[in-house]
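Right, one structure below, let's go through it.
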Amino acid sequence: MPLQKVKPEFVLIILIAIIVFMSFKKMSGGSVRGTVTPPEAGLSAFLFSGKDTLNVNVVNGTFQFSNVNAGNYKLMIEAAPPYRNGIKDGVKVTDGQFTDAGQLELQK
């Protein structure tokens with residue numbers, strides 16, 4: 001039985017269909033971003049909820065969490081001495097959305 005040659009147009013149509021299908025994939029989670037002042041005082045950022053605890057490093061006074069489950073979180077910034085840790089309640093994350101946690105000023 002001879003093999004049939006696949007037409008390039010058919011391959012192109014299949015690739016386009018795959019790309020279109022994958023582009024409608026629902027995003028999972030949201031993202032949270034914020035800043036810390038003074039920039040050198042922030043070490044790590046933590047997000048806490050009843051079922052999740054996430055942490056990222058603070059780099060040059062900024063932090064960003066990705067793929068965060070939807071819900072309400074408490075944000076804590078771990079500070080370098082002589083600064084004290086900072087806390088912000090009520091950080092709301094929505095699937096597929098960006099949340100700006102704003103600027104957290106750390107106190108001595």
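Residues are named by chain letter and number: chains run A, B, ... in the order of the structure tokens, numbers start at 1 in each chain, and ligands are numbered from 1 in the order shown.
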
Fill in: strand (DSSP E or B) residues, from DSSP on the backbone, in region 57-103 of chain A, as a ChimeraX atom specification
/A:57,59,62-68,71-79,86-93,98-103

Fill in: Which of chain A DSSP labels helix (DSSP H, G or I), written as a PyMOL selection string
chain A and resi 8-23+39-41

Hey, can you spit out that residue selection with N, CA, C and O atoms as a PDB file, in the first residue's frame?
ATOM      1  N   PRO A   8       1.106  20.499   2.247  1.00  0.00           N
ATOM      2  CA  PRO A   8       1.515  21.544   3.191  1.00  0.00           C
ATOM      3  C   PRO A   8       0.340  22.389   3.688  1.00  0.00           C
ATOM      4  O   PRO A   8       0.337  22.857   4.824  1.00  0.00           O
ATOM      5  N   GLU A   9      -0.672  22.581   2.848  1.00  0.00           N
ATOM      6  CA  GLU A   9      -1.835  23.368   3.255  1.00  0.00           C
ATOM      7  C   GLU A   9      -2.571  22.696   4.408  1.00  0.00           C
ATOM      8  O   GLU A   9      -3.055  23.361   5.327  1.00  0.00           O
ATOM      9  N   PHE A  10      -2.632  21.376   4.371  1.00  0.00           N
ATOM     10  CA  PHE A  10      -3.306  20.625   5.442  1.00  0.00           C
ATOM     11  C   PHE A  10      -2.557  20.785   6.763  1.00  0.00           C
ATOM     12  O   PHE A  10      -3.153  21.009   7.805  1.00  0.00           O
ATOM     13  N   VAL A  11      -1.232  20.694   6.710  1.00  0.00           N
ATOM     14  CA  VAL A  11      -0.407  20.866   7.908  1.00  0.00           C
ATOM     15  C   VAL A  11      -0.596  22.276   8.463  1.00  0.00           C
ATOM     16  O   VAL A  11      -0.738  22.462   9.678  1.00  0.00           O
ATOM     17  N   LEU A  12      -0.633  23.267   7.607  1.00  0.00           N
ATOM     18  CA  LEU A  12      -0.820  24.657   8.032  1.00  0.00           C
ATOM     19  C   LEU A  12      -2.171  24.844   8.717  1.00  0.00           C
ATOM     20  O   LEU A  12      -2.260  25.496   9.766  1.00  0.00           O
ATOM     21  N   ILE A  13      -3.216  24.263   8.161  1.00  0.00           N
ATOM     22  CA  ILE A  13      -4.554  24.373   8.763  1.00  0.00           C
ATOM     23  C   ILE A  13      -4.576  23.729  10.143  1.00  0.00           C
ATOM     24  O   ILE A  13      -5.129  24.284  11.097  1.00  0.00           O
ATOM     25  N   ILE A  14      -3.955  22.576  10.291  1.00  0.00           N
ATOM     26  CA  ILE A  14      -3.900  21.901  11.594  1.00  0.00           C
ATOM     27  C   ILE A  14      -3.135  22.750  12.604  1.00  0.00           C
ATOM     28  O   ILE A  14      -3.575  22.915  13.748  1.00  0.00           O
ATOM     29  N   LEU A  15      -2.005  23.321  12.220  1.00  0.00           N
ATOM     30  CA  LEU A  15      -1.226  24.172  13.128  1.00  0.00           C
ATOM     31  C   LEU A  15      -2.020  25.404  13.557  1.00  0.00           C
ATOM     32  O   LEU A  15      -2.005  25.779  14.732  1.00  0.00           O
ATOM     33  N   ILE A  16      -2.702  26.032  12.627  1.00  0.00           N
ATOM     34  CA  ILE A  16      -3.525  27.202  12.970  1.00  0.00           C
ATOM     35  C   ILE A  16      -4.629  26.809  13.936  1.00  0.00           C
ATOM     36  O   ILE A  16      -4.895  27.520  14.911  1.00  0.00           O
ATOM     37  N   ALA A  17      -5.266  25.661  13.704  1.00  0.00           N
ATOM     38  CA  ALA A  17      -6.329  25.200  14.599  1.00  0.00           C
ATOM     39  C   ALA A  17      -5.795  24.962  16.006  1.00  0.00           C
ATOM     40  O   ALA A  17      -6.438  25.316  16.999  1.00  0.00           O
ATOM     41  N   ILE A  18      -4.614  24.392  16.128  1.00  0.00           N
ATOM     42  CA  ILE A  18      -4.009  24.140  17.447  1.00  0.00           C
ATOM     43  C   ILE A  18      -3.709  25.463  18.145  1.00  0.00           C
ATOM     44  O   ILE A  18      -3.993  25.633  19.329  1.00  0.00           O
ATOM     45  N   ILE A  19      -3.154  26.418  17.421  1.00  0.00           N
ATOM     46  CA  ILE A  19      -2.827  27.717  18.012  1.00  0.00           C
ATOM     47  C   ILE A  19      -4.085  28.435  18.491  1.00  0.00           C
ATOM     48  O   ILE A  19      -4.130  28.979  19.588  1.00  0.00           O
ATOM     49  N   VAL A  20      -5.126  28.417  17.679  1.00  0.00           N
ATOM     50  CA  VAL A  20      -6.381  29.070  18.061  1.00  0.00           C
ATOM     51  C   VAL A  20      -6.969  28.396  19.294  1.00  0.00           C
ATOM     52  O   VAL A  20      -7.392  29.064  20.243  1.00  0.00           O
ATOM     53  N   PHE A  21      -6.975  27.083  19.323  1.00  0.00           N
ATOM     54  CA  PHE A  21      -7.525  26.350  20.459  1.00  0.00           C
ATOM     55  C   PHE A  21      -6.761  26.672  21.732  1.00  0.00           C
ATOM     56  O   PHE A  21      -7.348  26.921  22.779  1.00  0.00           O
ATOM     57  N   MET A  22      -5.437  26.711  21.663  1.00  0.00           N
ATOM     58  CA  MET A  22      -4.622  26.968  22.854  1.00  0.00           C
ATOM     59  C   MET A  22      -4.730  28.416  23.308  1.00  0.00           C
ATOM     60  O   MET A  22      -4.527  28.710  24.477  1.00  0.00           O
ATOM     61  N   SER A  23      -5.047  29.338  22.420  1.00  0.00           N
ATOM     62  CA  SER A  23      -5.142  30.742  22.808  1.00  0.00           C
ATOM     63  C   SER A  23      -6.362  31.012  23.681  1.00  0.00           C
ATOM     64  O   SER A  23      -6.422  32.021  24.369  1.00  0.00           O
ATOM     65  N   PRO A  39      14.139  50.774  49.590  1.00  0.00           N
ATOM     66  CA  PRO A  39      14.336  49.562  48.796  1.00  0.00           C
ATOM     67  C   PRO A  39      15.289  48.547  49.429  1.00  0.00           C
ATOM     68  O   PRO A  39      15.080  47.345  49.309  1.00  0.00           O
ATOM     69  N   GLU A  40      16.313  49.021  50.114  1.00  0.00           N
ATOM     70  CA  GLU A  40      17.300  48.117  50.706  1.00  0.00           C
ATOM     71  C   GLU A  40      16.780  47.393  51.952  1.00  0.00           C
ATOM     72  O   GLU A  40      17.385  46.443  52.427  1.00  0.00           O
ATOM     73  N   ALA A  41      15.642  47.812  52.471  1.00  0.00           N
ATOM     74  CA  ALA A  41      15.107  47.216  53.712  1.00  0.00           C
ATOM     75  C   ALA A  41      14.331  45.921  53.466  1.00  0.00           C
ATOM     76  O   ALA A  41      14.198  45.100  54.355  1.00  0.00           O
TER      77      ALA A  41
END

Within 6 Å of region 47-51 of chain A, which residues of region 58-105 of chain A come that close, and what is the closest atom pair and distance in Å for each? Count only C-alpha atoms and give it as a tab-separated table.
residue	atom	partner	partner_atom	distance
A:Tyr73	CA	A:Ser49	CA	4.9
A:Lys74	CA	A:Phe48	CA	5.1
A:Leu75	CA	A:Leu47	CA	4.7

Quick one: write out the picked residues with C-alpha atoms as a tab-separated table (two decimals), in the first residue's frame?
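Listing of out.tsv after writing:
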chain	number	residue	atom	x	y	z
A	73	TYR	CA	-4.40	37.34	51.24
A	74	LYS	CA	-2.29	38.97	53.92
A	75	LEU	CA	0.99	40.38	52.60

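CA of Ser66 (chain A) to CA of Gly102 (chain A) spans 16.0 Å [interatomic distance, one decimal].
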
Discussion item. Taking 6 positions as the minimum chain separation for residues in the same chain, which residues sit within 10 Å of region 91-99 of chain A when counting only C-alpha atoms? Answer as a PyMOL selection string.
Written reply: chain A and resi 26-34+47-49+64-75

Response to the item:
Computed gap from CA of Pro82 (chain A) to CA of Asn55 (chain A) is 21.4 Å

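If only C-alpha atoms are the atoms counted, then among A:Ile87, A:Leu104, A:Val36, A:Ala80 the closest residue to Val58 (chain A) is A:Val36.
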
Fill in: Distance of CA of Glu105 (chain A) from CA of Asn85 (chain A), expressed in Å to one decimal place
9.7 Å

Item to complete: Point out the residue among A:Gly86, A:Met76, A:Asp100, A:Thr37 with the least atom-to-atom distance to Thr53 (chain A), counting only C-alpha atoms.
Response: A:Met76
